[in-house]
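Structure file coords17.pdb; described as PDB, C-alpha atoms.
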```pdb
ATOM      1  CA  MET Y   1       0.000   0.000   0.000  1.00  0.00           C
ATOM      2  CA  THR Y   2       2.973   2.254  -0.115  1.00  0.00           C
ATOM      3  CA  THR Y   3       3.934   4.148  -3.227  1.00  0.00           C
ATOM      4  CA  ASP Y   4       7.603   5.071  -2.938  1.00  0.00           C
ATOM      5  CA  VAL Y   5      10.582   5.378  -0.596  1.00  0.00           C
ATOM      6  CA  ARG Y   6       9.305   8.600   0.947  1.00  0.00           C
ATOM      7  CA  LEU Y   7       6.004   6.951   1.815  1.00  0.00           C
ATOM      8  CA  GLY Y   8       7.799   4.087   3.501  1.00  0.00           C
ATOM      9  CA  ALA Y   9      10.024   6.490   5.403  1.00  0.00           C
ATOM     10  CA  ALA Y  10       7.067   8.491   6.600  1.00  0.00           C
ATOM     11  CA  SER Y  11       5.409   5.313   7.819  1.00  0.00           C
ATOM     12  CA  ALA Y  12       8.394   4.192   9.812  1.00  0.00           C
ATOM     13  CA  THR Y  13       9.390   7.413  11.514  1.00  0.00           C
ATOM     14  CA  GLY Y  14       7.917   9.441  14.326  1.00  0.00           C
ATOM     15  CA  SER Y  15       5.650   6.666  15.567  1.00  0.00           C
ATOM     16  CA  GLY Y  16       5.944   7.558  19.263  1.00  0.00           C
ATOM     17  CA  LEU Y  17       2.815   8.526  21.204  1.00  0.00           C
ATOM     18  CA  ARG Y  18       3.974  11.901  22.394  1.00  0.00           C
ATOM     19  CA  GLY Y  19       4.034  15.569  21.494  1.00  0.00           C
ATOM     20  CA  ARG Y  20       1.498  18.355  21.158  1.00  0.00           C
ATOM     21  CA  ALA Y  21       0.480  17.101  17.705  1.00  0.00           C
ATOM     22  CA  LEU Y  22      -0.686  13.752  19.095  1.00  0.00           C
ATOM     23  CA  PRO Y  23      -4.448  14.593  19.082  1.00  0.00           C
ATOM     24  CA  ARG Y  24      -4.261  15.586  15.416  1.00  0.00           C
ATOM     25  CA  ARG Y  25      -2.234  12.498  14.591  1.00  0.00           C
ATOM     26  CA  LEU Y  26      -4.758  10.193  16.253  1.00  0.00           C
ATOM     27  CA  VAL Y  27      -7.732  11.833  14.541  1.00  0.00           C
ATOM     28  CA  GLN Y  28      -5.946  11.764  11.192  1.00  0.00           C
ATOM     29  CA  LEU Y  29      -4.931   8.128  11.659  1.00  0.00           C
ATOM     30  CA  TYR Y  30      -8.401   6.815  12.429  1.00  0.00           C
ATOM     31  CA  LEU Y  31     -10.186   9.029   9.928  1.00  0.00           C
ATOM     32  CA  GLY Y  32      -7.738   7.880   7.285  1.00  0.00           C
ATOM     33  CA  LEU Y  33      -8.293   4.219   8.146  1.00  0.00           C
ATOM     34  CA  VAL Y  34     -12.087   4.573   8.049  1.00  0.00           C
ATOM     35  CA  LEU Y  35     -11.863   6.340   4.686  1.00  0.00           C
ATOM     36  CA  TYR Y  36      -9.516   3.612   3.454  1.00  0.00           C
ATOM     37  CA  GLY Y  37     -12.079   0.945   4.292  1.00  0.00           C
ATOM     38  CA  THR Y  38     -14.789   3.032   2.634  1.00  0.00           C
ATOM     39  CA  SER Y  39     -12.702   3.370  -0.528  1.00  0.00           C
ATOM     40  CA  MET Y  40     -12.318  -0.417  -0.632  1.00  0.00           C
ATOM     41  CA  ALA Y  41     -16.091  -0.798  -0.398  1.00  0.00           C
ATOM     42  CA  LEU Y  42     -16.655   1.674  -3.252  1.00  0.00           C
ATOM     43  CA  MET Y  43     -14.415  -0.361  -5.528  1.00  0.00           C
ATOM     44  CA  VAL Y  44     -16.063  -3.630  -4.490  1.00  0.00           C
ATOM     45  CA  ARG Y  45     -19.523  -2.215  -5.273  1.00  0.00           C
ATOM     46  CA  SER Y  46     -18.302  -0.982  -8.674  1.00  0.00           C
ATOM     47  CA  ASP Y  47     -17.723  -4.632  -9.648  1.00  0.00           C
ATOM     48  CA  LEU Y  48     -15.036  -3.406 -12.046  1.00  0.00           C
ATOM     49  CA  GLY Y  49     -12.082  -4.721 -10.081  1.00  0.00           C
ATOM     50  CA  VAL Y  50     -10.621  -4.111  -6.644  1.00  0.00           C
ATOM     51  CA  MET Y  51      -7.254  -3.169  -5.159  1.00  0.00           C
ATOM     52  CA  PRO Y  52      -4.499  -5.805  -5.529  1.00  0.00           C
ATOM     53  CA  TRP Y  53      -4.662  -7.053  -1.929  1.00  0.00           C
ATOM     54  CA  ASP Y  54      -8.463  -6.987  -2.064  1.00  0.00           C
ATOM     55  CA  VAL Y  55      -8.396  -9.416  -4.984  1.00  0.00           C
ATOM     56  CA  LEU Y  56      -6.949 -11.849  -2.437  1.00  0.00           C
ATOM     57  CA  HIS Y  57      -9.377 -10.841   0.336  1.00  0.00           C
ATOM     58  CA  GLN Y  58     -12.332 -11.164  -2.022  1.00  0.00           C
ATOM     59  CA  GLY Y  59     -11.113 -14.495  -3.364  1.00  0.00           C
ATOM     60  CA  LEU Y  60     -10.716 -15.911   0.136  1.00  0.00           C
ATOM     61  CA  ALA Y  61     -14.182 -14.675   1.102  1.00  0.00           C
ATOM     62  CA  ARG Y  62     -15.759 -16.284  -1.964  1.00  0.00           C
ATOM     63  CA  HIS Y  63     -13.821 -19.523  -1.641  1.00  0.00           C
ATOM     64  CA  LEU Y  64     -13.881 -20.021   2.131  1.00  0.00           C
ATOM     65  CA  GLY Y  65     -16.762 -17.838   3.301  1.00  0.00           C
ATOM     66  CA  GLY Y  66     -16.729 -14.824   5.579  1.00  0.00           C
ATOM     67  CA  SER Y  67     -16.542 -11.156   4.642  1.00  0.00           C
ATOM     68  CA  ILE Y  68     -13.907  -9.115   2.846  1.00  0.00           C
ATOM     69  CA  GLY Y  69     -13.357  -7.149   6.039  1.00  0.00           C
ATOM     70  CA  LEU Y  70     -12.793 -10.331   8.034  1.00  0.00           C
ATOM     71  CA  TRP Y  71     -10.238 -11.620   5.550  1.00  0.00           C
ATOM     72  CA  SER Y  72      -8.559  -8.230   5.432  1.00  0.00           C
ATOM     73  CA  MET Y  73      -8.000  -8.543   9.166  1.00  0.00           C
ATOM     74  CA  VAL Y  74      -6.889 -12.184   8.985  1.00  0.00           C
ATOM     75  CA  VAL Y  75      -4.426 -11.532   6.168  1.00  0.00           C
ATOM     76  CA  GLY Y  76      -3.160  -8.392   7.912  1.00  0.00           C
ATOM     77  CA  ALA Y  77      -2.498 -10.362  11.093  1.00  0.00           C
ATOM     78  CA  LEU Y  78      -0.694 -13.100   9.146  1.00  0.00           C
ATOM     79  CA  VAL Y  79       1.428 -10.513   7.340  1.00  0.00           C
ATOM     80  CA  LEU Y  80       2.384  -9.080  10.731  1.00  0.00           C
ATOM     81  CA  LEU Y  81       3.845 -12.472  11.630  1.00  0.00           C
ATOM     82  CA  GLY Y  82       6.110 -12.013   8.630  1.00  0.00           C
ATOM     83  CA  TRP Y  83       7.520  -8.925  10.334  1.00  0.00           C
ATOM     84  CA  VAL Y  84       9.193 -11.085  12.999  1.00  0.00           C
ATOM     85  CA  PRO Y  85      12.101 -12.400  10.884  1.00  0.00           C
ATOM     86  CA  LEU Y  86      12.337  -8.994   9.194  1.00  0.00           C
ATOM     87  CA  ARG Y  87      12.642  -7.322  12.622  1.00  0.00           C
ATOM     88  CA  GLU Y  88      10.081  -4.675  11.792  1.00  0.00           C
ATOM     89  CA  ARG Y  89       8.543  -2.798  14.732  1.00  0.00           C
ATOM     90  CA  PRO Y  90       4.767  -2.241  14.697  1.00  0.00           C
ATOM     91  CA  GLY Y  91       3.165   0.913  16.046  1.00  0.00           C
ATOM     92  CA  LEU Y  92      -0.330   1.906  17.097  1.00  0.00           C
ATOM     93  CA  GLY Y  93      -1.129   2.636  13.477  1.00  0.00           C
ATOM     94  CA  THR Y  94      -0.055  -0.869  12.479  1.00  0.00           C
ATOM     95  CA  VAL Y  95      -2.453  -2.649  14.815  1.00  0.00           C
ATOM     96  CA  SER Y  96      -5.196  -0.118  14.108  1.00  0.00           C
ATOM     97  CA  ASN Y  97      -4.730  -0.676  10.389  1.00  0.00           C
ATOM     98  CA  VAL Y  98      -5.518  -4.372  10.755  1.00  0.00           C
ATOM     99  CA  LEU Y  99      -8.646  -3.828  12.843  1.00  0.00           C
ATOM    100  CA  VAL Y 100     -10.206  -0.543  11.708  1.00  0.00           C
ATOM    101  CA  ILE Y 101     -10.001  -1.044   7.946  1.00  0.00           C
ATOM    102  CA  GLY Y 102     -11.629  -4.469   8.162  1.00  0.00           C
ATOM    103  CA  VAL Y 103     -14.515  -3.154  10.244  1.00  0.00           C
ATOM    104  CA  ALA Y 104     -14.895  -0.049   8.060  1.00  0.00           C
ATOM    105  CA  VAL Y 105     -15.086  -1.920   4.760  1.00  0.00           C
ATOM    106  CA  ASP Y 106     -17.750  -4.304   6.039  1.00  0.00           C
ATOM    107  CA  ALA Y 107     -19.756  -1.420   7.531  1.00  0.00           C
ATOM    108  CA  ALA Y 108     -19.582   0.525   4.266  1.00  0.00           C
ATOM    109  CA  LEU Y 109     -20.572  -2.530   2.213  1.00  0.00           C
ATOM    110  CA  ALA Y 110     -23.605  -2.992   4.458  1.00  0.00           C
ATOM    111  CA  VAL Y 111     -25.026   0.409   3.457  1.00  0.00           C
ATOM    112  CA  LEU Y 112     -23.775   0.852  -0.114  1.00  0.00           C
ATOM    113  CA  PRO Y 113     -26.176  -0.371  -2.817  1.00  0.00           C
ATOM    114  CA  GLU Y 114     -25.113  -2.564  -5.715  1.00  0.00           C
ATOM    115  CA  PRO Y 115     -25.628  -0.432  -8.830  1.00  0.00           C
ATOM    116  CA  SER Y 116     -26.298  -1.973 -12.220  1.00  0.00           C
ATOM    117  CA  ALA Y 117     -25.715   1.077 -14.421  1.00  0.00           C
ATOM    118  CA  TRP Y 118     -22.233   1.180 -15.961  1.00  0.00           C
ATOM    119  CA  ALA Y 119     -21.938   4.928 -15.428  1.00  0.00           C
ATOM    120  CA  VAL Y 120     -22.604   4.623 -11.700  1.00  0.00           C
ATOM    121  CA  ARG Y 121     -20.192   1.726 -11.371  1.00  0.00           C
ATOM    122  CA  GLY Y 122     -17.518   3.742 -13.151  1.00  0.00           C
ATOM    123  CA  VAL Y 123     -18.057   6.670 -10.794  1.00  0.00           C
ATOM    124  CA  LEU Y 124     -17.754   4.366  -7.787  1.00  0.00           C
ATOM    125  CA  ALA Y 125     -14.482   2.923  -9.096  1.00  0.00           C
ATOM    126  CA  VAL Y 126     -12.923   6.330  -9.774  1.00  0.00           C
ATOM    127  CA  ALA Y 127     -14.188   7.686  -6.437  1.00  0.00           C
ATOM    128  CA  GLY Y 128     -12.736   4.645  -4.671  1.00  0.00           C
ATOM    129  CA  VAL Y 129      -9.292   5.198  -6.156  1.00  0.00           C
ATOM    130  CA  GLY Y 130      -9.313   8.914  -5.346  1.00  0.00           C
ATOM    131  CA  LEU Y 131     -10.581   8.413  -1.802  1.00  0.00           C
ATOM    132  CA  ASN Y 132      -8.003   5.696  -1.229  1.00  0.00           C
ATOM    133  CA  ALA Y 133      -5.190   8.072  -2.180  1.00  0.00           C
ATOM    134  CA  LEU Y 134      -6.458  10.659   0.300  1.00  0.00           C
ATOM    135  CA  ALA Y 135      -6.911   8.008   3.002  1.00  0.00           C
ATOM    136  CA  THR Y 136      -3.444   6.563   2.422  1.00  0.00           C
ATOM    137  CA  ALA Y 137      -1.776   9.963   2.711  1.00  0.00           C
ATOM    138  CA  ALA Y 138      -3.783  10.685   5.871  1.00  0.00           C
ATOM    139  CA  TYR Y 139      -3.015   7.527   7.825  1.00  0.00           C
ATOM    140  CA  VAL Y 140       0.615   7.332   6.706  1.00  0.00           C
ATOM    141  CA  GLY Y 141       1.092  11.036   7.357  1.00  0.00           C
ATOM    142  CA  ALA Y 142      -0.065  10.575  10.954  1.00  0.00           C
ATOM    143  CA  ARG Y 143       3.325   8.881  11.569  1.00  0.00           C
ATOM    144  CA  LEU Y 144       1.982   6.304  14.011  1.00  0.00           C
ATOM    145  CA  GLY Y 145       3.368   3.216  12.316  1.00  0.00           C
ATOM    146  CA  PRO Y 146       3.046   1.627   8.872  1.00  0.00           C
ATOM    147  CA  GLY Y 147       0.329  -0.756   7.825  1.00  0.00           C
ATOM    148  CA  PRO Y 148       1.256  -4.458   7.935  1.00  0.00           C
ATOM    149  CA  ARG Y 149       1.598  -4.704   4.153  1.00  0.00           C
ATOM    150  CA  ASP Y 150       3.672  -1.514   4.017  1.00  0.00           C
ATOM    151  CA  GLY Y 151       6.033  -2.851   6.658  1.00  0.00           C
ATOM    152  CA  LEU Y 152       6.388  -6.164   4.838  1.00  0.00           C
ATOM    153  CA  MET Y 153       7.469  -4.340   1.705  1.00  0.00           C
ATOM    154  CA  THR Y 154       9.915  -1.969   3.385  1.00  0.00           C
ATOM    155  CA  GLY Y 155      11.332  -4.823   5.481  1.00  0.00           C
ATOM    156  CA  LEU Y 156      11.951  -6.930   2.382  1.00  0.00           C
ATOM    157  CA  VAL Y 157      13.521  -3.967   0.606  1.00  0.00           C
ATOM    158  CA  ARG Y 158      15.922  -3.486   3.513  1.00  0.00           C
ATOM    159  CA  ARG Y 159      16.737  -7.194   3.826  1.00  0.00           C
ATOM    160  CA  THR Y 160      17.100  -8.042   0.139  1.00  0.00           C
ATOM    161  CA  GLY Y 161      18.541  -4.802  -1.168  1.00  0.00           C
ATOM    162  CA  GLY Y 162      15.950  -4.816  -3.951  1.00  0.00           C
ATOM    163  CA  SER Y 163      14.209  -1.703  -5.188  1.00  0.00           C
ATOM    164  CA  VAL Y 164      10.875  -0.585  -3.753  1.00  0.00           C
ATOM    165  CA  ARG Y 165       9.306  -0.942  -7.189  1.00  0.00           C
ATOM    166  CA  LEU Y 166      10.582  -4.497  -7.691  1.00  0.00           C
ATOM    167  CA  VAL Y 167       9.624  -5.737  -4.224  1.00  0.00           C
ATOM    168  CA  ARG Y 168       6.213  -4.044  -4.250  1.00  0.00           C
ATOM    169  CA  THR Y 169       5.406  -5.303  -7.734  1.00  0.00           C
ATOM    170  CA  SER Y 170       6.532  -8.858  -6.904  1.00  0.00           C
ATOM    171  CA  ILE Y 171       4.378  -9.001  -3.783  1.00  0.00           C
ATOM    172  CA  GLU Y 172       1.305  -7.611  -5.499  1.00  0.00           C
ATOM    173  CA  VAL Y 173       1.641  -9.843  -8.557  1.00  0.00           C
ATOM    174  CA  VAL Y 174       1.675 -12.916  -6.306  1.00  0.00           C
ATOM    175  CA  VAL Y 175      -1.234 -11.591  -4.227  1.00  0.00           C
ATOM    176  CA  VAL Y 176      -3.333 -10.765  -7.296  1.00  0.00           C
ATOM    177  CA  LEU Y 177      -2.691 -14.107  -8.986  1.00  0.00           C
ATOM    178  CA  VAL Y 178      -3.586 -16.097  -5.864  1.00  0.00           C
ATOM    179  CA  GLY Y 179      -6.680 -13.968  -5.267  1.00  0.00           C
ATOM    180  CA  TRP Y 180      -7.787 -14.218  -8.894  1.00  0.00           C
ATOM    181  CA  ALA Y 181      -7.373 -17.995  -8.808  1.00  0.00           C
ATOM    182  CA  LEU Y 182      -9.664 -18.030  -5.759  1.00  0.00           C
ATOM    183  CA  GLY Y 183     -12.334 -15.976  -7.520  1.00  0.00           C
ATOM    184  CA  GLY Y 184     -11.360 -12.403  -6.674  1.00  0.00           C
ATOM    185  CA  THR Y 185     -12.360  -9.624  -9.079  1.00  0.00           C
ATOM    186  CA  LEU Y 186      -9.517  -8.511 -11.318  1.00  0.00           C
ATOM    187  CA  GLY Y 187     -10.656  -5.779 -13.684  1.00  0.00           C
ATOM    188  CA  VAL Y 188     -10.159  -2.349 -15.167  1.00  0.00           C
ATOM    189  CA  ALA Y 189     -10.440  -0.678 -11.750  1.00  0.00           C
ATOM    190  CA  THR Y 190      -7.554  -2.827 -10.504  1.00  0.00           C
ATOM    191  CA  VAL Y 191      -5.396  -1.545 -13.345  1.00  0.00           C
ATOM    192  CA  LEU Y 192      -6.569   2.033 -12.749  1.00  0.00           C
ATOM    193  CA  TYR Y 193      -5.665   1.759  -9.079  1.00  0.00           C
ATOM    194  CA  THR Y 194      -2.234   0.298  -9.797  1.00  0.00           C
ATOM    195  CA  LEU Y 195      -1.370   3.055 -12.271  1.00  0.00           C
ATOM    196  CA  ALA Y 196      -2.945   6.004 -10.453  1.00  0.00           C
ATOM    197  CA  ILE Y 197      -2.364   5.465  -6.736  1.00  0.00           C
ATOM    198  CA  GLY Y 198       1.303   6.468  -6.728  1.00  0.00           C
ATOM    199  CA  PRO Y 199       0.878   9.719  -8.667  1.00  0.00           C
ATOM    200  CA  LEU Y 200      -2.169  10.600  -6.547  1.00  0.00           C
ATOM    201  CA  VAL Y 201      -0.570   9.923  -3.151  1.00  0.00           C
ATOM    202  CA  HIS Y 202       2.703  11.633  -4.077  1.00  0.00           C
ATOM    203  CA  PRO Y 203       1.429  15.260  -3.848  1.00  0.00           C
ATOM    204  CA  LEU Y 204      -0.967  14.523  -0.976  1.00  0.00           C
ATOM    205  CA  LEU Y 205       1.492  12.897   1.397  1.00  0.00           C
ATOM    206  CA  PRO Y 206       3.695  15.953   2.105  1.00  0.00           C
ATOM    207  CA  ARG Y 207       0.576  18.030   2.750  1.00  0.00           C
ATOM    208  CA  LEU Y 208      -0.883  15.556   5.226  1.00  0.00           C
ATOM    209  CA  THR Y 209       2.292  14.446   7.003  1.00  0.00           C
ATOM    210  CA  VAL Y 210       2.305  15.830  10.546  1.00  0.00           C
ATOM    211  CA  PRO Y 211       5.657  17.616  10.956  1.00  0.00           C
ATOM    212  CA  HIS Y 212       8.111  16.175  13.439  1.00  0.00           C
ATOM    213  CA  PRO Y 213       8.860  18.811  16.100  1.00  0.00           C
ATOM    214  CA  ASP Y 214      12.628  18.288  15.768  1.00  0.00           C
ATOM    215  CA  ALA Y 215      13.253  17.090  12.227  1.00  0.00           C
ATOM    216  CA  GLY Y 216      10.680  18.918  10.122  1.00  0.00           C
ATOM    217  CA  THR Y 217       8.135  17.208   7.910  1.00  0.00           C
ATOM    218  CA  TRP Y 218      10.292  14.272   6.946  1.00  0.00           C
TER     219      TRP Y 218
END
```

Take the structure in the file and give it back as structure tokens.
Amino acid sequence: MTTDVRLGAASATGSGLRGRALPRRLVQLYLGLVLYGTSMALMVRSDLGVMPWDVLHQGLARHLGGSIGLWSMVVGALVLLGWVPLRERPGLGTVSNVLVIGVAVDAALAVLPEPSAWAVRGVLAVAGVGLNALATAAYVGARLGPGPRDGLMTGLVRRTGGSVRLVRTSIEVVVVLVGWALGGTLGVATVLYTLAIGPLVHPLLPRLTVPHPDAGTW
């Protein structure tokens, strides 16, 4: 769910629960996570494809039962176990990411209708991608710890010496293929998300990153 080195750095730094900016950071973290879950639900309801990791979540839900939100939490918890050999350190935002997003996506899916018109579905897909970019910049910019999938990527980059692009792409290709094989929705919205999320988050992240009192924004 990260987009570049700066995003990963912002996730990993300044995760301590202290400072006068803490109330803003907490509000921004949880608002961002709720919006993230909502953006996932918008893309699911579009039925035009979902985010790469959600292809897996959706496939697991269809193959094994349960909700997308439940599988988002299960997969997030399993990914956290992968942090142990990588020696990544979770923060409040990491644990919150696993729990809040899963609850938020299921809650949003419970109230969002399933449109049949192509135009409405297209709007939902585009809105989901845009909202996800805003949500990502918000929760990462709160500097309270990376999401489990973000930490997996940055940990592998550090351990293997590979590029962020190579490691991220490799992980998401595997995730998408497994999810698609299980019945997850791989479509035009998945491609749109993959191509657009980086350029969208890039200008938003500096604006939403809470400045560190000693080191500036970054």

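Residues matching the PyMOL selection byres ((chain Y and resi 189-202) around 7) in this structure come to Y:Thr3, Y:Leu48, Y:Gly49, Y:Val50, Y:Met51, Y:Pro52, Y:Ala125, Y:Val129, Y:Ala133, Y:Leu134, Y:Ala137, Y:Leu186, Y:Gly187, Y:Val188, Y:Pro203, Y:Leu204, Y:Leu205.
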
(message) If we count all atoms listed in the file and set the cut-off at 9 Å, which residues sit around Y:Leu60, ignoring sequence neighbours fewer than 6 positions away in its own chain? Please answer as a ChimeraX atom specification.
(response) /Y:66-68,71,179,182-184

- Near Y:Gly102, within 12 Å and counting all atoms listed in the file, which residues show up once chain neighbours fewer than 2 positions away are dropped, as a count of residues only? 35

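Comparing Y:Val79, Y:Ser46, Y:Glu88, Y:Trp53 by their smallest distance to Y:Leu112, the closest is Y:Ser46 (using all atoms listed in the file).
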
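Counting from atom CA of Y:Thr136, the distance to atom CA of Y:Tyr30 is 11.2 Å.
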
request  = Give me the residues within 12 Å of Y:Pro85 as an NGL selection string, counting all atoms listed in the file and dropping any in the same chain fewer than 2 places off.
outcome  = :Y and (79-83 or 87-89 or 152 or 155-156 or 159)

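Using only C-alpha atoms for every distance, the candidate list Y:Leu78, Y:Leu42, Y:Ala135, Y:Leu144 yields Y:Leu144 as the residue closest to Y:Gly91.
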
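Straight-line separation from atom CA of Y:Leu56 to atom CA of Y:Leu177: 8.1 Å.
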
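The residue that comes closest to Y:Pro115, out of Y:His63, Y:Arg143, Y:Arg45, Y:Arg158 and on the basis of all atoms listed in the file, is Y:Arg45.
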
Exactly which residues make up the result of the PyMOL selection byres ((chain Y and resi 122) around 10) on this file, given as a ChimeraX atom specification?
/Y:43,46-48,117-121,123-128,188-189

**Given the PyMOL selection byres ((chain Y and resi 208) around 9), the residues it picks as an MDAnalysis selection string** = chainID Y and resid 28 134 137:142 204:207 209:211

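Counting from atom CA of Y:Arg62, the distance to atom CA of Y:Ser116 is 20.5 Å.
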
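When all atoms listed in the file are used to compute distances to Y:Val174, the closest of the residues Y:Val55, Y:Leu64, Y:Val103, Y:Leu22 turns out to be Y:Val55.
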
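When only C-alpha atoms are used to measure the gap to Y:Asn132, the shortest distance among Y:Met153, Y:Leu26, Y:Ile101, Y:Ala181 belongs to Y:Ile101.
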
Using the incomplete input, complete stretch 100-118 of chain Y to the level of N, CA, C and O atoms; output as an mmCIF file, keeping the file's coordinate frame.
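Below you can see part.cif, which holds the result:
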```cif
data_model
loop_
_atom_site.group_PDB
_atom_site.id
_atom_site.type_symbol
_atom_site.label_atom_id
_atom_site.label_comp_id
_atom_site.auth_asym_id
_atom_site.auth_seq_id
_atom_site.Cartn_x
_atom_site.Cartn_y
_atom_site.Cartn_z
ATOM 1 N N VAL Y 100 -9.254 -1.587 12.113
ATOM 2 C CA VAL Y 100 -10.206 -0.543 11.708
ATOM 3 C C VAL Y 100 -10.615 -0.684 10.247
ATOM 4 O O VAL Y 100 -11.799 -0.559 9.902
ATOM 5 N N ILE Y 101 -9.660 -0.942 9.363
ATOM 6 C CA ILE Y 101 -10.001 -1.044 7.946
ATOM 7 C C ILE Y 101 -10.970 -2.194 7.701
ATOM 8 O O ILE Y 101 -11.935 -2.061 6.939
ATOM 9 N N GLY Y 102 -10.732 -3.334 8.343
ATOM 10 C CA GLY Y 102 -11.629 -4.469 8.162
ATOM 11 C C GLY Y 102 -13.046 -4.166 8.604
ATOM 12 O O GLY Y 102 -14.020 -4.522 7.915
ATOM 13 N N VAL Y 103 -13.185 -3.516 9.750
ATOM 14 C CA VAL Y 103 -14.515 -3.154 10.244
ATOM 15 C C VAL Y 103 -15.152 -2.118 9.324
ATOM 16 O O VAL Y 103 -16.350 -2.201 8.991
ATOM 17 N N ALA Y 104 -14.363 -1.138 8.882
ATOM 18 C CA ALA Y 104 -14.895 -0.049 8.060
ATOM 19 C C ALA Y 104 -15.397 -0.545 6.715
ATOM 20 O O ALA Y 104 -16.451 -0.110 6.234
ATOM 21 N N VAL Y 105 -14.644 -1.450 6.074
ATOM 22 C CA VAL Y 105 -15.086 -1.920 4.760
ATOM 23 C C VAL Y 105 -16.375 -2.714 4.861
ATOM 24 O O VAL Y 105 -17.287 -2.560 4.025
ATOM 25 N N ASP Y 106 -16.512 -3.539 5.881
ATOM 26 C CA ASP Y 106 -17.750 -4.304 6.039
ATOM 27 C C ASP Y 106 -18.928 -3.388 6.367
ATOM 28 O O ASP Y 106 -20.053 -3.600 5.881
ATOM 29 N N ALA Y 107 -18.686 -2.367 7.191
ATOM 30 C CA ALA Y 107 -19.756 -1.420 7.531
ATOM 31 C C ALA Y 107 -20.201 -0.647 6.298
ATOM 32 O O ALA Y 107 -21.405 -0.431 6.077
ATOM 33 N N ALA Y 108 -19.239 -0.219 5.477
ATOM 34 C CA ALA Y 108 -19.582 0.525 4.266
ATOM 35 C C ALA Y 108 -20.320 -0.357 3.269
ATOM 36 O O ALA Y 108 -21.283 0.081 2.618
ATOM 37 N N LEU Y 109 -19.903 -1.608 3.127
ATOM 38 C CA LEU Y 109 -20.572 -2.530 2.213
ATOM 39 C C LEU Y 109 -22.018 -2.805 2.646
ATOM 40 O O LEU Y 109 -22.887 -3.061 1.814
ATOM 41 N N ALA Y 110 -22.264 -2.726 3.944
ATOM 42 C CA ALA Y 110 -23.605 -2.992 4.458
ATOM 43 C C ALA Y 110 -24.598 -1.907 4.064
ATOM 44 O O ALA Y 110 -25.810 -2.163 4.010
ATOM 45 N N VAL Y 111 -24.111 -0.699 3.777
ATOM 46 C CA VAL Y 111 -25.026 0.409 3.457
ATOM 47 C C VAL Y 111 -24.945 0.838 1.997
ATOM 48 O O VAL Y 111 -25.849 1.519 1.512
ATOM 49 N N LEU Y 112 -23.902 0.459 1.291
ATOM 50 C CA LEU Y 112 -23.775 0.852 -0.114
ATOM 51 C C LEU Y 112 -24.599 -0.084 -0.998
ATOM 52 O O LEU Y 112 -24.500 -1.302 -0.871
ATOM 53 N N PRO Y 113 -25.398 0.478 -1.904
ATOM 54 C CA PRO Y 113 -26.176 -0.371 -2.817
ATOM 55 C C PRO Y 113 -25.292 -0.981 -3.893
ATOM 56 O O PRO Y 113 -24.135 -0.585 -4.067
ATOM 57 N N GLU Y 114 -25.820 -1.941 -4.603
ATOM 58 C CA GLU Y 114 -25.113 -2.564 -5.715
ATOM 59 C C GLU Y 114 -25.692 -2.041 -7.027
ATOM 60 O O GLU Y 114 -26.715 -2.527 -7.499
ATOM 61 N N PRO Y 115 -25.066 -1.033 -7.621
ATOM 62 C CA PRO Y 115 -25.628 -0.432 -8.830
ATOM 63 C C PRO Y 115 -25.462 -1.343 -10.040
ATOM 64 O O PRO Y 115 -24.529 -2.138 -10.117
ATOM 65 N N SER Y 116 -26.382 -1.193 -10.984
ATOM 66 C CA SER Y 116 -26.298 -1.973 -12.220
ATOM 67 C C SER Y 116 -25.848 -1.116 -13.394
ATOM 68 O O SER Y 116 -25.296 -1.636 -14.365
ATOM 69 N N ALA Y 117 -26.074 0.185 -13.319
ATOM 70 C CA ALA Y 117 -25.715 1.077 -14.421
ATOM 71 C C ALA Y 117 -24.195 1.211 -14.529
ATOM 72 O O ALA Y 117 -23.509 1.432 -13.527
ATOM 73 N N TRP Y 118 -23.673 1.098 -15.741
ATOM 74 C CA TRP Y 118 -22.233 1.180 -15.961
ATOM 75 C C TRP Y 118 -21.671 2.524 -15.521
ATOM 76 O O TRP Y 118 -20.578 2.594 -14.957
#
```
